[in-house]
file upload-v8.txt (compact mmCIF, C-alpha atoms)
# COMPACT_ATOMS: atom_id res chain seq x y z
CA MET A 1 0.00 0.00 0.00
CA GLY A 2 1.40 3.38 -0.98
CA THR A 3 1.89 6.23 1.49
CA VAL A 4 1.11 9.93 1.23
CA THR A 5 3.58 12.38 2.77
CA ILE A 6 2.66 16.05 3.06
CA MET A 7 5.95 17.82 3.67
CA ASP A 8 5.95 20.13 6.69
CA HIS A 9 9.65 21.01 6.66
CA PRO A 10 10.17 24.73 7.33
CA LEU A 11 12.52 25.15 4.35
CA ILE A 12 9.95 23.70 1.95
CA GLN A 13 7.12 25.79 3.36
CA HIS A 14 9.26 28.93 3.12
CA LYS A 15 10.23 28.21 -0.48
CA ILE A 16 6.64 27.41 -1.48
CA SER A 17 5.58 30.84 -0.23
CA LEU A 18 8.22 32.39 -2.48
CA ILE A 19 6.99 30.60 -5.62
CA ARG A 20 3.35 31.38 -4.83
CA ASN A 21 4.16 35.11 -4.98
CA LYS A 22 3.24 36.46 -8.41
CA LYS A 23 6.13 38.94 -8.15
CA THR A 24 8.73 36.12 -8.17
CA GLY A 25 10.45 36.22 -11.56
CA THR A 26 11.28 33.35 -13.89
CA ARG A 27 14.92 32.90 -12.84
CA ASP A 28 14.13 32.74 -9.11
CA PHE A 29 11.00 30.65 -9.67
CA ARG A 30 12.96 28.06 -11.66
CA ALA A 31 15.74 27.90 -9.07
CA ILE A 32 13.36 27.50 -6.15
CA ILE A 33 11.36 24.76 -7.91
CA SER A 34 14.63 22.84 -8.28
CA GLU A 35 15.51 23.38 -4.62
CA ILE A 36 12.12 22.11 -3.44
CA ALA A 37 12.46 19.07 -5.70
CA MET A 38 15.82 18.27 -4.13
CA LEU A 39 14.35 18.45 -0.63
CA GLU A 40 11.44 16.21 -1.65
CA CYS A 41 13.89 13.77 -3.26
CA TYR A 42 15.76 13.55 0.04
CA GLU A 43 12.53 12.54 1.79
CA SER A 44 11.36 10.14 -0.93
CA THR A 45 14.65 8.19 -0.95
CA ARG A 46 14.54 7.52 2.78
CA ASP A 47 13.70 3.82 2.29
CA LEU A 48 16.23 2.96 -0.43
CA VAL A 49 17.99 -0.32 0.36
CA LEU A 50 21.63 -0.23 1.52
CA GLU A 51 24.38 -2.85 1.53
CA ASP A 52 27.73 -3.08 3.30
CA VAL A 53 30.91 -2.10 1.49
CA ASP A 54 34.53 -2.42 2.66
CA ILE A 55 36.46 0.86 2.46
CA GLU A 56 39.71 2.26 3.76
CA THR A 57 39.77 5.73 5.31
CA PRO A 58 43.03 7.66 5.81
CA ILE A 59 43.03 6.13 9.30
CA CYS A 60 41.95 2.49 8.94
CA LYS A 61 39.81 -0.10 7.16
CA THR A 62 36.09 -0.02 7.94
CA THR A 63 32.68 -1.05 6.67
CA GLY A 64 30.50 1.61 5.07
CA LYS A 65 27.16 1.67 3.27
CA ARG A 66 26.18 2.07 -0.37
CA LEU A 67 22.93 1.92 -2.28
CA ALA A 68 21.88 -1.58 -3.29
CA GLY A 69 19.04 -3.03 -5.28
CA LYS A 70 17.41 -1.52 -8.35
CA LYS A 71 18.71 1.41 -10.33
CA LEU A 72 16.71 4.64 -10.44
CA ALA A 73 14.89 6.67 -13.09
CA ILE A 74 13.40 10.17 -13.09
CA ILE A 75 10.33 10.70 -15.29
CA PRO A 76 9.13 14.31 -15.57
CA ILE A 77 5.66 14.96 -16.94
CA LEU A 78 6.26 17.54 -19.67
CA ARG A 79 6.62 20.30 -19.64
CA ALA A 80 6.51 21.65 -16.09
CA GLY A 81 8.03 18.48 -14.66
CA LEU A 82 11.32 19.39 -16.35
CA GLY A 83 11.76 22.09 -13.72
CA MET A 84 12.15 19.45 -11.00
CA VAL A 85 14.66 17.17 -12.75
CA GLU A 86 17.83 19.06 -11.90
CA GLY A 87 17.04 18.99 -8.18
CA LEU A 88 16.69 15.21 -8.21
CA GLU A 89 19.76 14.71 -10.39
CA LYS A 90 21.91 16.55 -7.84
CA LEU A 91 21.13 13.83 -5.29
CA ILE A 92 20.92 10.83 -7.63
CA PRO A 93 23.18 11.74 -10.59
CA SER A 94 23.31 8.15 -11.89
CA ALA A 95 19.54 8.04 -12.48
CA LYS A 96 18.35 7.83 -16.07
CA VAL A 97 15.76 10.35 -17.26
CA GLY A 98 12.73 9.58 -19.42
CA HIS A 99 9.92 11.90 -20.51
CA ILE A 100 6.15 11.68 -20.73
CA GLY A 101 4.37 14.55 -22.48
CA MET A 102 0.84 15.52 -21.47
CA TYR A 103 -1.33 18.54 -22.10
CA ARG A 104 -4.70 19.31 -20.61
CA ASP A 105 -7.61 19.70 -23.00
CA PRO A 106 -9.05 23.12 -22.07
CA ALA A 107 -12.63 21.98 -22.72
CA THR A 108 -12.66 18.63 -20.91
CA LEU A 109 -9.73 19.26 -18.49
CA LYS A 110 -8.62 15.70 -19.37
CA PRO A 111 -4.95 14.92 -20.07
CA VAL A 112 -3.85 14.06 -23.60
CA GLU A 113 -0.56 12.19 -24.09
CA TYR A 114 1.60 13.42 -26.97
CA TYR A 115 5.05 11.99 -26.15
CA CYS A 116 6.59 9.06 -24.28
CA LYS A 117 10.29 8.18 -24.29
CA LEU A 118 11.57 5.93 -21.50
CA PRO A 119 14.87 4.19 -20.68
CA ALA A 120 15.01 0.73 -22.29
CA ASP A 121 15.34 -0.94 -18.89
CA ILE A 122 12.63 1.13 -17.18
CA ASP A 123 10.94 -2.01 -15.85
CA LYS A 124 14.07 -2.78 -13.80
CA ARG A 125 14.26 0.63 -12.14
CA ASP A 126 12.68 2.40 -9.19
CA VAL A 127 10.88 5.35 -10.78
CA PHE A 128 10.33 8.92 -9.58
CA VAL A 129 7.52 10.64 -11.52
CA VAL A 130 7.69 14.41 -11.05
CA ASP A 131 5.28 17.26 -11.80
CA PRO A 132 5.07 20.51 -9.81
CA MET A 133 1.25 20.47 -9.74
CA CYS A 134 -1.35 17.79 -9.09
CA ALA A 135 -4.64 19.51 -9.95
CA THR A 136 -7.23 17.02 -11.22
CA GLY A 137 -4.68 14.21 -10.95
CA GLY A 138 -5.34 13.15 -14.53
CA SER A 139 -1.84 13.67 -15.91
CA ALA A 140 -0.21 11.82 -13.01
CA ILE A 141 -2.70 8.95 -13.29
CA ASP A 142 -2.15 8.55 -17.03
CA ALA A 143 1.64 8.84 -16.75
CA ILE A 144 1.73 6.15 -14.08
CA ASN A 145 -0.59 3.99 -16.18
CA ALA A 146 1.93 4.25 -19.05
CA LEU A 147 4.80 3.28 -16.76
CA LYS A 148 2.92 0.27 -15.42
CA GLU A 149 2.22 -0.81 -18.98
CA HIS A 150 6.01 -0.83 -19.43
CA GLY A 151 6.40 -3.14 -16.43
CA CYS A 152 7.23 -0.63 -13.68
CA ASN A 153 6.10 -1.74 -10.24
CA ASN A 154 7.97 0.55 -7.85
CA ILE A 155 6.83 4.12 -8.51
CA ARG A 156 6.94 7.30 -6.45
CA PHE A 157 5.14 10.51 -7.42
CA LEU A 158 6.55 13.87 -6.33
CA CYS A 159 4.66 17.14 -6.68
CA ILE A 160 5.03 20.52 -5.04
CA ILE A 161 1.38 21.56 -4.75
CA ALA A 162 -1.70 19.33 -4.87
CA ALA A 163 -5.44 19.93 -4.77
CA PRO A 164 -7.48 17.59 -2.56
CA GLU A 165 -9.47 16.44 -5.60
CA GLY A 166 -6.35 15.46 -7.53
CA LEU A 167 -4.66 13.76 -4.61
CA LYS A 168 -7.78 11.71 -3.91
CA ALA A 169 -8.14 10.68 -7.56
CA LEU A 170 -4.47 9.66 -7.75
CA GLN A 171 -4.68 7.61 -4.56
CA GLU A 172 -7.78 5.81 -5.80
CA ALA A 173 -6.30 5.07 -9.22
CA HIS A 174 -2.86 3.99 -7.93
CA PRO A 175 -3.08 2.95 -4.27
CA ASP A 176 0.33 1.25 -4.52
CA VAL A 177 2.23 4.47 -5.38
CA ASP A 178 4.01 6.52 -2.72
CA ILE A 179 3.10 10.21 -3.04
CA ILE A 180 5.19 13.11 -1.73
CA VAL A 181 3.51 16.54 -1.68
CA GLY A 182 5.00 19.88 -0.70
CA ALA A 183 1.66 21.51 0.18
CA LEU A 184 -1.97 20.41 0.03
CA ASP A 185 -4.08 23.37 -1.10
CA GLU A 186 -7.73 24.28 -0.64
CA LYS A 187 -9.51 23.26 -3.87
CA LEU A 188 -9.76 23.48 -7.65
CA ASN A 189 -11.56 26.42 -9.23
CA ASP A 190 -13.98 26.21 -12.17
CA HIS A 191 -11.07 26.33 -14.64
CA GLY A 192 -9.23 23.42 -13.03
CA TYR A 193 -6.56 25.60 -11.38
CA ILE A 194 -5.41 24.96 -7.82
CA VAL A 195 -6.48 27.56 -5.22
CA PRO A 196 -4.49 29.38 -3.89
CA GLY A 197 -1.88 27.60 -6.05
CA LEU A 198 0.78 29.50 -7.98
CA GLY A 199 -0.68 29.86 -11.47
CA ASP A 200 0.61 27.89 -14.45
CA ALA A 201 3.86 26.24 -13.32
CA GLY A 202 5.09 25.61 -16.88
CA ASP A 203 4.60 29.23 -17.93
CA ARG A 204 6.36 30.49 -14.81
CA ILE A 205 9.29 28.05 -15.13
CA PHE A 206 9.93 28.81 -18.80
CA GLY A 207 8.82 32.45 -18.91
CA THR A 208 6.05 31.87 -21.45
CA LYS A 209 3.17 33.56 -19.63
call {"tool": "encode", "arguments": {"input": "upload-v8.txt", "output": "structure tokens"}}
result
Amino acid sequence: MGTVTIMDHPLIQHKISLIRNKKTGTRDFRAIISEIAMLECYESTRDLVLEDVDIETPICKTTGKRLAGKKLAIIPILRAGLGMVEGLEKLIPSAKVGHIGMYRDPATLKPVEYYCKLPADIDKRDVFVVDPMCATGGSAIDAINALKEHGCNNIRFLCIIAAPEGLKALQEAHPDVDIIVGALDEKLNDHGYIVPGLGDAGDRIFGTK
């Protein structure tokens, strides 16, 4: 059974307030998104399996720890998810990166997949799916569906801000997926935007608003 973690770390809450502010410019917004992603990655890797390794320090021989088990992959949901990749790569630089492209139909608010490129051995990796926003949950649900169709069975989803409606839908669709959320907001508005939210994350990351 998957777990849901709502991050309450002071650094994350402070940084989320900065990116909510409409006066925060593209450069700072992009940098802070990456910083929050790195902090969430730290939390989401807490249960990675370790194994013993013999090493020699400048003083003596000893037994240390290193990561064991499956290799890792980072899968951003395009395009906003790209803003979180660098933060994860700083902590797990050996992870491979795939991409799943989704856009939301403005009439139906349903996600439409337009691109999917994954590492050839994706089914042998622990996967981190990343997207700054989880509004209706549709994009995350469909992206995880695609990964499961490729044989993935150990998936974590990281987002910075979620609406209750989207989080609930994601949990119901994928109860086996661990979910890490920076902040759980109030609701969705009539246009499918998270309230209070931070606007369109993709536009603010790439300066296309």
call {"tool": "residues_around", "arguments": {"input": "upload-v8.txt", "residues": "Pro164 (chain A)", "least_positions_apart": "3", "cutoff": "9 Å", "atoms": "all atoms listed in the file", "output": "PyMOL selection string"}}
result
chain A and resi 134-136+167-169+184-188
call {"tool": "atom_distance", "arguments": {"input": "upload-v8.txt", "atom1": "CA of Phe29 (chain A)", "atom2": "CA of Ala183 (chain A)"}}
result
16.4 Å
call {"tool": "residues_around", "arguments": {"input": "upload-v8.txt", "residues": "Ile122 (chain A)", "least_positions_apart": "4", "cutoff": "8 Å", "atoms": "all atoms listed in the file", "output": "PyMOL selection string"}}
result
chain A and resi 73+118+127+150-152
call {"tool": "residues_around", "arguments": {"input": "upload-v8.txt", "residues": "Ala143 (chain A)", "least_positions_apart": "3", "cutoff": "12 Å", "atoms": "only C-alpha atoms", "output": "PyMOL selection string"}}
result
chain A and resi 75-78+81+98-103+111-118+127-131+137-140+146-150+152+155-157+170+173-174
call {"tool": "atom_distance", "arguments": {"input": "upload-v8.txt", "atom1": "CA of Cys41 (chain A)", "atom2": "CA of Arg204 (chain A)"}}
result
21.7 Å
call {"tool": "residues_around", "arguments": {"input": "upload-v8.txt", "residues": "Thr24 (chain A)", "least_positions_apart": "2", "cutoff": "12 Å", "atoms": "only C-alpha atoms", "output": "ChimeraX atom specification"}}
result
/A:15-22,26-33,198-199,204-205,207
call {"tool": "atom_distance", "arguments": {"input": "upload-v8.txt", "atom1": "CA of Gly87 (chain A)", "atom2": "CA of Glu35 (chain A)"}}
result
5.9 Å
call {"tool": "closest_residue", "arguments": {"input": "upload-v8.txt", "among": "A:Thr5, A:Ile144, A:Ser34, A:Arg104", "to": "Arg46 (chain A)", "atoms": "all atoms listed in the file"}}
result
A:Thr5
call {"tool": "closest_residue", "arguments": {"input": "upload-v8.txt", "among": "A:Leu72, A:Cys159, A:Ala107, A:Asp200", "to": "Ile180 (chain A)", "atoms": "all atoms listed in the file"}}
result
A:Cys159
call {"tool": "closest_residue", "arguments": {"input": "upload-v8.txt", "among": "A:Asp47, A:Leu88, A:Glu40, A:Asn154", "to": "Pro175 (chain A)", "atoms": "all atoms listed in the file"}}
result
A:Asn154
call {"tool": "closest_residue", "arguments": {"input": "upload-v8.txt", "among": "A:Pro132, A:Asp123, A:Glu56, A:Ser44", "to": "Leu82 (chain A)", "atoms": "all atoms listed in the file"}}
result
A:Pro132
call {"tool": "closest_residue", "arguments": {"input": "upload-v8.txt", "among": "A:Glu43, A:Glu51, A:Asn153, A:Pro106", "to": "Asp190 (chain A)", "atoms": "all atoms listed in the file"}}
result
A:Pro106
call {"tool": "residues_around", "arguments": {"input": "upload-v8.txt", "residues": "Glu89 (chain A)", "least_positions_apart": "5", "cutoff": "10 Å", "atoms": "all atoms listed in the file", "output": "ChimeraX atom specification"}}
result
/A:34,37-38,41,73-74,84,94-97
call {"tool": "closest_residue", "arguments": {"input": "upload-v8.txt", "among": "A:Asp203, A:Asp178, A:Asp54, A:Glu86", "to": "Thr3 (chain A)", "atoms": "all atoms listed in the file"}}
result
A:Asp178
